[in-house]
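Colleague: Sending over a structure as structure tokens; questions will come in a sec.
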Amino acid sequence: MADERSQDRRNMSSASSFEHKKHARPKPEPGEREEFVWILDYLPYGREDDPRPVYQKKPLIQSLGDSKFVLLELIPNEGKVPPVHIKTPIGPGEKEYIDRVKTRIMYDELSRGAKLELPLAIAESVKAQEERFIKFYNDAQPVSMRQNSLELLPGVGKKLMLDILAETKKKPFDNFEDLKKRVPALRDPEKHIIDRIIEEMKGGQKYYVFAAPPKMKRE
């Protein structure tokens, strides 16, 4: 009987420490910390791969950092369910929805709903930070002997890159609309940025221009 109780305690301990053992990773380092995030998904019972009984599971929020595009899991304030697709603070001070940052996560750890929401949230962030991203086009420099930083954008080849550089020599672009008018072949400059950010989130890149490099999984 004593052996059975001991085994039960070990099982409960193993289940309760599931998130620590399998998902615990360092919180974002100082250079990766975010002040605001975009809510991607609210998980009332946590992750699907959490093997614990439902009554032991806690709500989680999956989110996108607004500056470094770091993917974060957050602990919500008790009784608070944030709407998806809002920008909310996670820095110092009182926060309506967020209790604390739990951990940084990888792209493939996002829920299906979070992955669907991700491009929309990035688009909102890029639109709100237009000056930052138009500067990327204006200040494009070589990253190697054979490649310009513009060519890191999906869909931007040599010819399009040269067209953009030729226009920046005449006059820097004022905004995305100005860029589209002066380089008609670049129909959607925001989308090229969005696609590159998602590529960087997935990892395996030689250069990280917009997003903080993802952390390796820790088993």
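Chain identifiers are assigned as A, B, and so on, following the order in which chains appear in the structure tokens; residues are numbered from 1 within each chain, and ligands are numbered from 1 in order of appearance.
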For segment 138-146 of chain A, list every protein, DNA or RNA residue within 9 Å, evaluated using only C-alpha atoms, and leave out those in the same chain fewer than 3 positions away; present the list as JSON, numbers by chain.
Modeller: {"A": [133, 134, 135, 149, 150, 164, 165, 168, 169, 171, 172, 173, 207]}
Colleague: Can you tell me which residues surround segment 41-44 of chain A at a distance of at most 12 Å, considering only C-alpha atoms, apart from same-chain residues fewer than 5 positions away, and format the answer as number ranges by chain?
Modeller: A: 50, 54-64, 71-76, 78-86, 97-98, 110-118, 121
Colleague: Write out, as a compact mmCIF listing (two decimals), in the first residue's frame, the residues just selected, with N, CA, C and O atoms.
Modeller:
```
# COMPACT_ATOMS: atom_id res chain seq x y z
N ASP A 50 0.03 18.80 -23.61
CA ASP A 50 0.17 18.68 -22.15
C ASP A 50 -0.63 17.45 -21.70
O ASP A 50 -1.84 17.40 -21.85
N VAL A 54 -7.32 17.53 -17.31
CA VAL A 54 -7.85 18.86 -17.62
C VAL A 54 -7.87 19.76 -16.40
O VAL A 54 -7.55 20.95 -16.47
N TYR A 55 -8.23 19.21 -15.21
CA TYR A 55 -8.35 20.05 -14.03
C TYR A 55 -7.01 20.61 -13.57
O TYR A 55 -6.97 21.56 -12.77
N GLN A 56 -5.91 20.06 -14.06
CA GLN A 56 -4.60 20.57 -13.68
C GLN A 56 -4.05 21.58 -14.69
O GLN A 56 -3.06 22.25 -14.43
N LYS A 57 -4.70 21.71 -15.82
CA LYS A 57 -4.19 22.59 -16.87
C LYS A 57 -4.60 24.03 -16.61
O LYS A 57 -5.68 24.30 -16.10
N LYS A 58 -3.71 24.95 -17.02
CA LYS A 58 -3.94 26.37 -16.82
C LYS A 58 -4.01 27.09 -18.16
O LYS A 58 -3.37 26.68 -19.13
N PRO A 59 -4.74 28.19 -18.22
CA PRO A 59 -4.82 28.95 -19.48
C PRO A 59 -3.47 29.53 -19.89
O PRO A 59 -2.64 29.87 -19.05
N LEU A 60 -3.27 29.62 -21.19
CA LEU A 60 -2.07 30.22 -21.76
C LEU A 60 -2.48 31.18 -22.88
O LEU A 60 -3.54 31.00 -23.50
N ILE A 61 -1.64 32.13 -23.13
CA ILE A 61 -1.81 33.03 -24.27
C ILE A 61 -0.58 32.90 -25.16
O ILE A 61 0.55 32.92 -24.65
N GLN A 62 -0.77 32.75 -26.44
CA GLN A 62 0.34 32.78 -27.38
C GLN A 62 0.34 34.13 -28.07
O GLN A 62 -0.72 34.63 -28.48
N SER A 63 1.52 34.73 -28.18
CA SER A 63 1.58 36.13 -28.63
C SER A 63 2.82 36.40 -29.47
O SER A 63 3.77 35.62 -29.49
N LEU A 64 2.77 37.55 -30.14
CA LEU A 64 3.86 38.02 -31.00
C LEU A 64 4.39 39.33 -30.46
O LEU A 64 3.64 40.29 -30.29
N LEU A 71 8.24 35.19 -30.29
CA LEU A 71 7.01 34.46 -29.97
C LEU A 71 7.03 34.09 -28.50
O LEU A 71 7.99 33.47 -28.02
N LEU A 72 5.98 34.46 -27.79
CA LEU A 72 5.94 34.28 -26.34
C LEU A 72 4.67 33.59 -25.89
O LEU A 72 3.59 33.81 -26.46
N GLU A 73 4.81 32.76 -24.85
CA GLU A 73 3.65 32.26 -24.12
C GLU A 73 3.53 33.06 -22.84
O GLU A 73 4.52 33.28 -22.13
N LEU A 74 2.31 33.48 -22.54
CA LEU A 74 2.05 34.35 -21.41
C LEU A 74 1.03 33.71 -20.47
O LEU A 74 0.19 32.92 -20.90
N ILE A 75 1.12 34.07 -19.22
CA ILE A 75 0.13 33.68 -18.22
C ILE A 75 -0.88 34.82 -18.10
O ILE A 75 -0.49 35.95 -17.79
N PRO A 76 -2.17 34.56 -18.35
CA PRO A 76 -3.15 35.65 -18.26
C PRO A 76 -3.50 35.96 -16.81
O PRO A 76 -3.34 35.12 -15.92
N GLU A 78 -6.00 36.22 -13.83
CA GLU A 78 -7.11 35.32 -13.51
C GLU A 78 -8.44 35.94 -13.94
O GLU A 78 -8.74 37.09 -13.64
N GLY A 79 -9.21 35.15 -14.68
CA GLY A 79 -10.52 35.59 -15.12
C GLY A 79 -10.52 36.50 -16.32
O GLY A 79 -11.58 36.96 -16.75
N LYS A 80 -9.36 36.76 -16.90
CA LYS A 80 -9.26 37.64 -18.05
C LYS A 80 -9.02 36.85 -19.33
O LYS A 80 -8.09 36.05 -19.39
N VAL A 81 -9.85 37.07 -20.33
CA VAL A 81 -9.69 36.43 -21.64
C VAL A 81 -9.48 37.53 -22.67
O VAL A 81 -10.41 38.24 -23.04
N PRO A 82 -8.26 37.70 -23.15
CA PRO A 82 -8.00 38.79 -24.09
C PRO A 82 -8.56 38.49 -25.47
O PRO A 82 -8.50 37.35 -25.93
N PRO A 83 -9.08 39.49 -26.15
CA PRO A 83 -9.50 39.29 -27.54
C PRO A 83 -8.28 39.01 -28.41
O PRO A 83 -7.20 39.54 -28.17
N VAL A 84 -8.46 38.16 -29.41
CA VAL A 84 -7.39 37.91 -30.38
C VAL A 84 -7.22 39.16 -31.24
O VAL A 84 -8.17 39.90 -31.48
N HIS A 85 -6.01 39.39 -31.69
CA HIS A 85 -5.68 40.47 -32.62
C HIS A 85 -5.70 41.85 -31.95
O HIS A 85 -6.04 42.85 -32.58
N ILE A 86 -5.36 41.89 -30.68
CA ILE A 86 -5.16 43.19 -30.05
C ILE A 86 -3.71 43.33 -29.63
O ILE A 86 -3.00 42.34 -29.41
N TYR A 97 -4.59 42.34 -19.12
CA TYR A 97 -4.79 40.93 -19.46
C TYR A 97 -3.66 40.00 -19.02
O TYR A 97 -3.90 38.83 -18.77
N ILE A 98 -2.45 40.52 -18.93
CA ILE A 98 -1.27 39.66 -18.76
C ILE A 98 -0.74 39.71 -17.34
O ILE A 98 -0.48 40.79 -16.80
N LEU A 110 3.42 27.00 -32.02
CA LEU A 110 2.20 27.78 -32.08
C LEU A 110 1.01 26.88 -32.37
O LEU A 110 1.12 25.90 -33.11
N SER A 111 -0.12 27.24 -31.82
CA SER A 111 -1.36 26.52 -32.13
C SER A 111 -1.76 26.81 -33.58
O SER A 111 -1.25 27.75 -34.21
N ARG A 112 -2.68 26.01 -34.07
CA ARG A 112 -3.17 26.23 -35.44
C ARG A 112 -3.78 27.63 -35.56
O ARG A 112 -3.54 28.35 -36.53
N GLY A 113 -4.57 28.02 -34.56
CA GLY A 113 -5.17 29.34 -34.58
C GLY A 113 -4.14 30.45 -34.56
O GLY A 113 -4.28 31.47 -35.25
N ALA A 114 -3.07 30.27 -33.77
CA ALA A 114 -2.02 31.28 -33.69
C ALA A 114 -1.29 31.43 -35.02
O ALA A 114 -0.94 32.54 -35.43
N LYS A 115 -1.05 30.31 -35.71
CA LYS A 115 -0.37 30.38 -37.00
C LYS A 115 -1.22 31.10 -38.04
O LYS A 115 -0.69 31.82 -38.90
N LEU A 116 -2.53 30.92 -37.96
CA LEU A 116 -3.42 31.62 -38.89
C LEU A 116 -3.45 33.12 -38.60
O LEU A 116 -3.53 33.94 -39.52
N GLU A 117 -3.37 33.47 -37.36
CA GLU A 117 -3.43 34.88 -36.95
C GLU A 117 -2.11 35.61 -37.17
O GLU A 117 -2.07 36.84 -37.34
N LEU A 118 -1.00 34.85 -37.17
CA LEU A 118 0.33 35.45 -37.19
C LEU A 118 0.57 36.44 -38.33
O LEU A 118 1.00 37.57 -38.08
N ALA A 121 -1.23 39.72 -37.66
CA ALA A 121 -0.62 40.52 -36.60
C ALA A 121 0.67 41.18 -37.07
O ALA A 121 0.93 42.35 -36.75
```
Colleague: Might you pull out every residue within 12 Å of Lys159 of chain A, with only C-alpha atoms counted and same-chain residues fewer than 2 positions away left off, and present them as a CSV table (one decimal) with all heavy atoms, in the first residue's frame?
Modeller:
```
chain,number,residue,atom,x,y,z
A,148,ASN,N,22.7,41.6,-51.8
A,148,ASN,CA,22.3,42.8,-51.1
A,148,ASN,C,21.2,42.4,-50.1
A,148,ASN,O,20.5,41.4,-50.3
A,148,ASN,CB,21.7,43.8,-52.1
A,148,ASN,CG,21.4,45.1,-51.5
A,148,ASN,OD1,20.3,45.3,-50.9
A,148,ASN,ND2,22.3,46.1,-51.6
A,150,LEU,N,18.4,43.6,-49.7
A,150,LEU,CA,17.1,43.5,-50.3
A,150,LEU,C,16.7,42.1,-50.9
A,150,LEU,O,15.6,41.7,-50.9
A,150,LEU,CB,17.0,44.5,-51.5
A,150,LEU,CG,16.9,46.0,-51.1
A,150,LEU,CD1,17.1,46.9,-52.3
A,150,LEU,CD2,15.6,46.3,-50.4
A,151,GLU,N,17.8,41.4,-51.3
A,151,GLU,CA,17.6,40.1,-51.8
A,151,GLU,C,17.2,39.0,-50.8
A,151,GLU,O,16.9,37.9,-51.1
A,151,GLU,CB,18.8,39.7,-52.6
A,151,GLU,CG,19.0,40.5,-53.9
A,151,GLU,CD,20.3,40.2,-54.5
A,151,GLU,OE1,21.4,40.7,-54.1
A,151,GLU,OE2,20.3,39.3,-55.5
A,155,GLY,N,10.9,36.9,-53.0
A,155,GLY,CA,10.4,37.5,-54.2
A,155,GLY,C,11.1,38.6,-54.8
A,155,GLY,O,10.8,39.2,-55.8
A,156,VAL,N,12.2,39.1,-54.1
A,156,VAL,CA,13.0,40.2,-54.6
A,156,VAL,C,14.3,39.6,-55.2
A,156,VAL,O,15.2,39.1,-54.5
A,156,VAL,CB,13.3,41.2,-53.5
A,156,VAL,CG1,14.3,42.3,-54.1
A,156,VAL,CG2,12.1,41.9,-53.0
A,157,GLY,N,14.4,39.7,-56.5
A,157,GLY,CA,15.6,39.2,-57.2
A,157,GLY,C,16.5,40.4,-57.6
A,157,GLY,O,16.3,41.5,-57.2
A,161,MET,N,15.9,44.4,-57.2
A,161,MET,CA,16.8,45.0,-56.2
A,161,MET,C,17.5,46.2,-56.9
A,161,MET,O,17.5,47.3,-56.3
A,161,MET,CB,17.8,44.0,-55.8
A,161,MET,CG,18.9,44.5,-54.8
A,161,MET,SD,20.4,45.1,-55.7
A,161,MET,CE,21.1,43.5,-56.3
A,162,LEU,N,17.9,46.1,-58.1
A,162,LEU,CA,18.6,47.2,-58.8
A,162,LEU,C,17.6,48.3,-59.1
A,162,LEU,O,18.0,49.5,-59.0
A,162,LEU,CB,19.2,46.7,-60.1
A,162,LEU,CG,20.4,45.7,-60.0
A,162,LEU,CD1,20.8,45.2,-61.3
A,162,LEU,CD2,21.6,46.4,-59.3
A,163,ASP,N,16.4,48.0,-59.4
A,163,ASP,CA,15.4,49.1,-59.6
A,163,ASP,C,15.1,49.9,-58.3
A,163,ASP,O,15.0,51.1,-58.3
A,163,ASP,CB,14.0,48.4,-60.0
A,163,ASP,CG,14.1,47.9,-61.4
A,163,ASP,OD1,15.0,48.2,-62.2
A,163,ASP,OD2,13.1,47.1,-61.8
A,164,ILE,N,15.1,49.2,-57.1
A,164,ILE,CA,14.9,49.9,-55.9
A,164,ILE,C,16.1,50.7,-55.5
A,164,ILE,O,15.9,51.9,-55.2
A,164,ILE,CB,14.7,48.8,-54.7
A,164,ILE,CG1,13.3,48.1,-55.0
A,164,ILE,CG2,14.6,49.5,-53.4
A,164,ILE,CD1,13.2,46.8,-54.1
A,165,LEU,N,17.3,50.2,-55.7
A,165,LEU,CA,18.5,51.0,-55.4
A,165,LEU,C,18.6,52.2,-56.3
A,165,LEU,O,19.1,53.3,-55.9
A,165,LEU,CB,19.7,50.1,-55.6
A,165,LEU,CG,19.9,48.9,-54.5
A,165,LEU,CD1,21.1,48.1,-54.8
A,165,LEU,CD2,19.9,49.5,-53.1
A,166,ALA,N,18.2,52.0,-57.6
A,166,ALA,CA,18.3,53.2,-58.5
A,166,ALA,C,17.4,54.3,-58.0
A,166,ALA,O,17.8,55.5,-58.1
A,166,ALA,CB,17.9,52.7,-59.9
A,183,VAL,N,8.5,52.2,-57.9
A,183,VAL,CA,8.9,50.9,-58.3
A,183,VAL,C,7.7,50.0,-58.5
A,183,VAL,O,7.3,49.2,-57.7
A,183,VAL,CB,9.9,50.2,-57.3
A,183,VAL,CG1,10.5,49.0,-57.8
A,183,VAL,CG2,11.0,51.2,-56.8
A,185,ALA,N,7.0,47.4,-60.1
A,185,ALA,CA,7.1,46.0,-60.1
A,185,ALA,C,7.1,45.4,-58.6
A,185,ALA,O,6.8,44.3,-58.4
A,185,ALA,CB,8.5,45.5,-60.7
A,186,LEU,N,7.3,46.3,-57.7
A,186,LEU,CA,7.2,45.9,-56.2
A,186,LEU,C,5.8,46.3,-55.8
A,186,LEU,O,5.6,47.3,-55.2
A,186,LEU,CB,8.3,46.7,-55.4
A,186,LEU,CG,8.5,46.2,-54.0
A,186,LEU,CD1,9.2,44.8,-54.0
A,186,LEU,CD2,9.3,47.2,-53.2
```
Colleague: Rounded to one decimal place, report the atom CA of Glu124 of chain A-atom CA of Phe136 of chain A distance in Å.
Modeller: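 If I compute the distance from atom CA of Glu124 of chain A to atom CA of Phe136 of chain A, I get 17.3 Å.
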Colleague: Can you pull out every residue from segment 112-173 of chain A that DSSP, working from the backbone, puts in alpha helix (DSSP H), and format the result as an NGL selection string?
Modeller: :A and (112-128 or 130-138 or 158-170)
Colleague: Keeping only C-alpha atoms, write those residues as a PDB file, in the first residue's frame.
Modeller:
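Contents of selection24.pdb, as written:
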```pdb
ATOM      1  CA  ARG A 112      -3.169  26.235 -35.442  1.00  0.00           C
ATOM      2  CA  GLY A 113      -5.168  29.344 -34.580  1.00  0.00           C
ATOM      3  CA  ALA A 114      -2.023  31.280 -33.688  1.00  0.00           C
ATOM      4  CA  LYS A 115      -0.367  30.376 -37.003  1.00  0.00           C
ATOM      5  CA  LEU A 116      -3.420  31.615 -38.892  1.00  0.00           C
ATOM      6  CA  GLU A 117      -3.426  34.877 -36.945  1.00  0.00           C
ATOM      7  CA  LEU A 118       0.333  35.445 -37.186  1.00  0.00           C
ATOM      8  CA  PRO A 119       0.550  37.064 -40.683  1.00  0.00           C
ATOM      9  CA  LEU A 120      -2.320  39.417 -39.805  1.00  0.00           C
ATOM     10  CA  ALA A 121      -0.623  40.515 -36.596  1.00  0.00           C
ATOM     11  CA  ILE A 122       2.714  41.029 -38.354  1.00  0.00           C
ATOM     12  CA  ALA A 123       0.949  43.090 -41.026  1.00  0.00           C
ATOM     13  CA  GLU A 124      -0.534  45.348 -38.339  1.00  0.00           C
ATOM     14  CA  SER A 125       2.863  45.730 -36.689  1.00  0.00           C
ATOM     15  CA  VAL A 126       4.612  46.522 -39.986  1.00  0.00           C
ATOM     16  CA  LYS A 127       1.940  49.061 -40.894  1.00  0.00           C
ATOM     17  CA  ALA A 128       2.268  50.772 -37.507  1.00  0.00           C
ATOM     18  CA  GLU A 130       6.164  52.025 -41.467  1.00  0.00           C
ATOM     19  CA  GLU A 131       9.072  54.405 -40.863  1.00  0.00           C
ATOM     20  CA  ARG A 132      11.224  51.540 -39.542  1.00  0.00           C
ATOM     21  CA  PHE A 133      10.590  49.318 -42.540  1.00  0.00           C
ATOM     22  CA  ILE A 134      10.761  51.976 -45.240  1.00  0.00           C
ATOM     23  CA  LYS A 135      14.182  52.766 -43.778  1.00  0.00           C
ATOM     24  CA  PHE A 136      15.190  49.183 -44.560  1.00  0.00           C
ATOM     25  CA  TYR A 137      14.445  49.806 -48.235  1.00  0.00           C
ATOM     26  CA  ASN A 138      16.170  53.198 -48.213  1.00  0.00           C
ATOM     27  CA  LYS A 158      18.522  41.046 -58.855  1.00  0.00           C
ATOM     28  CA  LYS A 159      16.477  43.144 -61.262  1.00  0.00           C
ATOM     29  CA  LEU A 160      13.986  44.315 -58.674  1.00  0.00           C
ATOM     30  CA  MET A 161      16.788  44.992 -56.225  1.00  0.00           C
ATOM     31  CA  LEU A 162      18.576  47.180 -58.800  1.00  0.00           C
ATOM     32  CA  ASP A 163      15.353  49.067 -59.563  1.00  0.00           C
ATOM     33  CA  ILE A 164      14.884  49.857 -55.866  1.00  0.00           C
ATOM     34  CA  LEU A 165      18.503  50.960 -55.414  1.00  0.00           C
ATOM     35  CA  ALA A 166      18.311  53.178 -58.500  1.00  0.00           C
ATOM     36  CA  GLU A 167      15.314  55.002 -57.048  1.00  0.00           C
ATOM     37  CA  THR A 168      16.871  55.464 -53.611  1.00  0.00           C
ATOM     38  CA  LYS A 169      19.842  57.180 -55.263  1.00  0.00           C
ATOM     39  CA  LYS A 170      17.448  59.765 -56.708  1.00  0.00           C
TER      40      LYS A 170
END
```
Colleague: Quick one: residues within 10 Å of Phe210 of chain A, only C-alpha atoms, excluding same-chain residues fewer than 4 positions away - as a list in words?
Modeller: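 Contacts, in chain order: Ser67, Lys68, Phe69, Phe133, Phe136, Ile193, Ile194, Arg196, Ile197, Ile198, Glu200 and Met201 of chain A.
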Colleague: Measuring between only C-alpha atoms, which one of A:Glu94, A:Glu109, A:Thr103, A:His192 shows the shortest distance to Asp49 of chain A?
Modeller: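 With only C-alpha atoms as the atom set, the closest residue is A:Glu109.
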Colleague: If you run DSSP on this backbone, which residues of chain A come out as strand (DSSP E), and could you give them as a VMD selection string?
Modeller: chain A and resid 36 to 43 60 to 65 71 to 76 87 to 89 98 to 104
Colleague: Store the residues of this selection in a file with N, CA, C and O atoms, as a compact mmCIF listing (two decimals), in the first residue's frame.
Modeller:
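This is the output file again26.txt:
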```txt
# COMPACT_ATOMS: atom_id res chain seq x y z
N PHE A 36 5.35 45.38 -25.77
CA PHE A 36 3.99 45.13 -26.24
C PHE A 36 3.97 43.85 -27.06
O PHE A 36 4.96 43.47 -27.69
N VAL A 37 2.83 43.17 -27.04
CA VAL A 37 2.64 41.97 -27.85
C VAL A 37 1.29 42.03 -28.55
O VAL A 37 0.38 42.76 -28.13
N TRP A 38 1.18 41.26 -29.62
CA TRP A 38 -0.09 41.03 -30.31
C TRP A 38 -0.61 39.67 -29.88
O TRP A 38 0.12 38.67 -29.93
N ILE A 39 -1.85 39.60 -29.46
CA ILE A 39 -2.44 38.34 -29.03
C ILE A 39 -2.77 37.48 -30.26
O ILE A 39 -3.51 37.91 -31.14
N LEU A 40 -2.20 36.29 -30.29
CA LEU A 40 -2.43 35.36 -31.41
C LEU A 40 -3.49 34.31 -31.08
O LEU A 40 -4.30 33.95 -31.93
N ASP A 41 -3.47 33.79 -29.85
CA ASP A 41 -4.45 32.76 -29.48
C ASP A 41 -4.54 32.67 -27.96
O ASP A 41 -3.55 32.88 -27.25
N TYR A 42 -5.73 32.36 -27.50
CA TYR A 42 -5.96 32.10 -26.07
C TYR A 42 -6.29 30.63 -25.92
O TYR A 42 -7.20 30.11 -26.57
N LEU A 43 -5.51 29.93 -25.10
CA LEU A 43 -5.66 28.49 -24.91
C LEU A 43 -6.19 28.24 -23.50
O LEU A 43 -5.42 28.24 -22.54
N LEU A 60 -3.27 29.62 -21.19
CA LEU A 60 -2.07 30.22 -21.76
C LEU A 60 -2.48 31.18 -22.88
O LEU A 60 -3.54 31.00 -23.50
N ILE A 61 -1.64 32.13 -23.13
CA ILE A 61 -1.81 33.03 -24.27
C ILE A 61 -0.58 32.90 -25.16
O ILE A 61 0.55 32.92 -24.65
N GLN A 62 -0.77 32.75 -26.44
CA GLN A 62 0.34 32.78 -27.38
C GLN A 62 0.34 34.13 -28.07
O GLN A 62 -0.72 34.63 -28.48
N SER A 63 1.52 34.73 -28.18
CA SER A 63 1.58 36.13 -28.63
C SER A 63 2.82 36.40 -29.47
O SER A 63 3.77 35.62 -29.49
N LEU A 64 2.77 37.55 -30.14
CA LEU A 64 3.86 38.02 -31.00
C LEU A 64 4.39 39.33 -30.46
O LEU A 64 3.64 40.29 -30.29
N GLY A 65 5.71 39.39 -30.20
CA GLY A 65 6.31 40.64 -29.76
C GLY A 65 6.27 41.68 -30.87
O GLY A 65 6.47 41.37 -32.04
N LEU A 71 8.24 35.19 -30.29
CA LEU A 71 7.01 34.46 -29.97
C LEU A 71 7.03 34.09 -28.50
O LEU A 71 7.99 33.47 -28.02
N LEU A 72 5.98 34.46 -27.79
CA LEU A 72 5.94 34.28 -26.34
C LEU A 72 4.67 33.59 -25.89
O LEU A 72 3.59 33.81 -26.46
N GLU A 73 4.81 32.76 -24.85
CA GLU A 73 3.65 32.26 -24.12
C GLU A 73 3.53 33.06 -22.84
O GLU A 73 4.52 33.28 -22.13
N LEU A 74 2.31 33.48 -22.54
CA LEU A 74 2.05 34.35 -21.41
C LEU A 74 1.03 33.71 -20.47
O LEU A 74 0.19 32.92 -20.90
N ILE A 75 1.12 34.07 -19.22
CA ILE A 75 0.13 33.68 -18.22
C ILE A 75 -0.88 34.82 -18.10
O ILE A 75 -0.49 35.95 -17.79
N PRO A 76 -2.17 34.56 -18.35
CA PRO A 76 -3.15 35.65 -18.26
C PRO A 76 -3.50 35.96 -16.81
O PRO A 76 -3.34 35.12 -15.92
N LYS A 87 -3.26 44.56 -29.51
CA LYS A 87 -1.92 44.85 -29.01
C LYS A 87 -2.05 45.24 -27.55
O LYS A 87 -2.87 46.09 -27.20
N THR A 88 -1.26 44.61 -26.70
CA THR A 88 -1.40 44.84 -25.26
C THR A 88 -0.03 44.89 -24.60
O THR A 88 0.91 44.21 -25.05
N PRO A 89 0.15 45.65 -23.54
CA PRO A 89 1.46 45.77 -22.89
C PRO A 89 1.80 44.55 -22.04
O PRO A 89 0.92 43.92 -21.45
N ILE A 98 -2.45 40.52 -18.93
CA ILE A 98 -1.27 39.66 -18.76
C ILE A 98 -0.74 39.71 -17.34
O ILE A 98 -0.48 40.79 -16.80
N ASP A 99 -0.57 38.53 -16.75
CA ASP A 99 0.07 38.44 -15.44
C ASP A 99 1.58 38.47 -15.59
O ASP A 99 2.27 39.28 -14.97
N ARG A 100 2.11 37.60 -16.46
CA ARG A 100 3.57 37.54 -16.64
C ARG A 100 3.90 36.75 -17.90
O ARG A 100 3.07 36.03 -18.45
N VAL A 101 5.15 36.90 -18.32
CA VAL A 101 5.69 36.10 -19.43
C VAL A 101 6.07 34.73 -18.89
O VAL A 101 6.77 34.63 -17.88
N LYS A 102 5.62 33.68 -19.57
CA LYS A 102 5.96 32.32 -19.14
C LYS A 102 7.26 31.86 -19.79
O LYS A 102 8.21 31.45 -19.13
N THR A 103 7.31 31.92 -21.13
CA THR A 103 8.49 31.45 -21.83
C THR A 103 8.46 31.91 -23.27
O THR A 103 7.42 32.32 -23.79
N ARG A 104 9.60 31.83 -23.90
CA ARG A 104 9.69 32.05 -25.34
C ARG A 104 9.47 30.72 -26.04
O ARG A 104 9.90 29.68 -25.54
```
Colleague: I'd like the neighbourhood of Asp188 of chain A as a list in words, where a residue qualifies if any of its atoms comes within 10 Å (using only C-alpha atoms), though same-chain residues fewer than 5 positions away should be ignored.
Modeller: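 Those residues are Phe176, Glu177, Leu179, Lys180 and Ile193 of chain A.
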Colleague: Can you write just those residues out, N, CA and C atoms, as a PDB file, in the first residue's frame?
Modeller:
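File produced: part-v4.pdb:
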```
ATOM      1  N   PHE A 176       5.445  53.569 -47.943  1.00  0.00           N
ATOM      2  CA  PHE A 176       5.184  52.417 -48.813  1.00  0.00           C
ATOM      3  C   PHE A 176       4.487  52.832 -50.104  1.00  0.00           C
ATOM      4  N   GLU A 177       3.577  53.803 -50.029  1.00  0.00           N
ATOM      5  CA  GLU A 177       2.869  54.248 -51.226  1.00  0.00           C
ATOM      6  C   GLU A 177       3.834  54.872 -52.224  1.00  0.00           C
ATOM      7  N   LEU A 179       6.987  54.177 -52.468  1.00  0.00           N
ATOM      8  CA  LEU A 179       7.789  53.065 -52.983  1.00  0.00           C
ATOM      9  C   LEU A 179       7.054  52.329 -54.099  1.00  0.00           C
ATOM     10  N   LYS A 180       5.768  52.060 -53.892  1.00  0.00           N
ATOM     11  CA  LYS A 180       4.983  51.341 -54.913  1.00  0.00           C
ATOM     12  C   LYS A 180       4.829  52.158 -56.199  1.00  0.00           C
ATOM     13  N   ILE A 193       8.197  42.138 -46.578  1.00  0.00           N
ATOM     14  CA  ILE A 193       8.697  42.239 -45.207  1.00  0.00           C
ATOM     15  C   ILE A 193       8.056  41.171 -44.326  1.00  0.00           C
TER      16      ILE A 193
END
```
Colleague: How far is it from atom CA of Ala211 of chain A to atom CA of Val70 of chain A, in Å with one decimal?
Modeller: 6.8 Å
Colleague: Atom CA of Gln205 of chain A to atom CA of Leu152 of chain A: how many Å, to one decimal?
Modeller: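 Atom-to-atom, atom CA of Gln205 of chain A and atom CA of Leu152 of chain A are spaced 9.8 Å apart.
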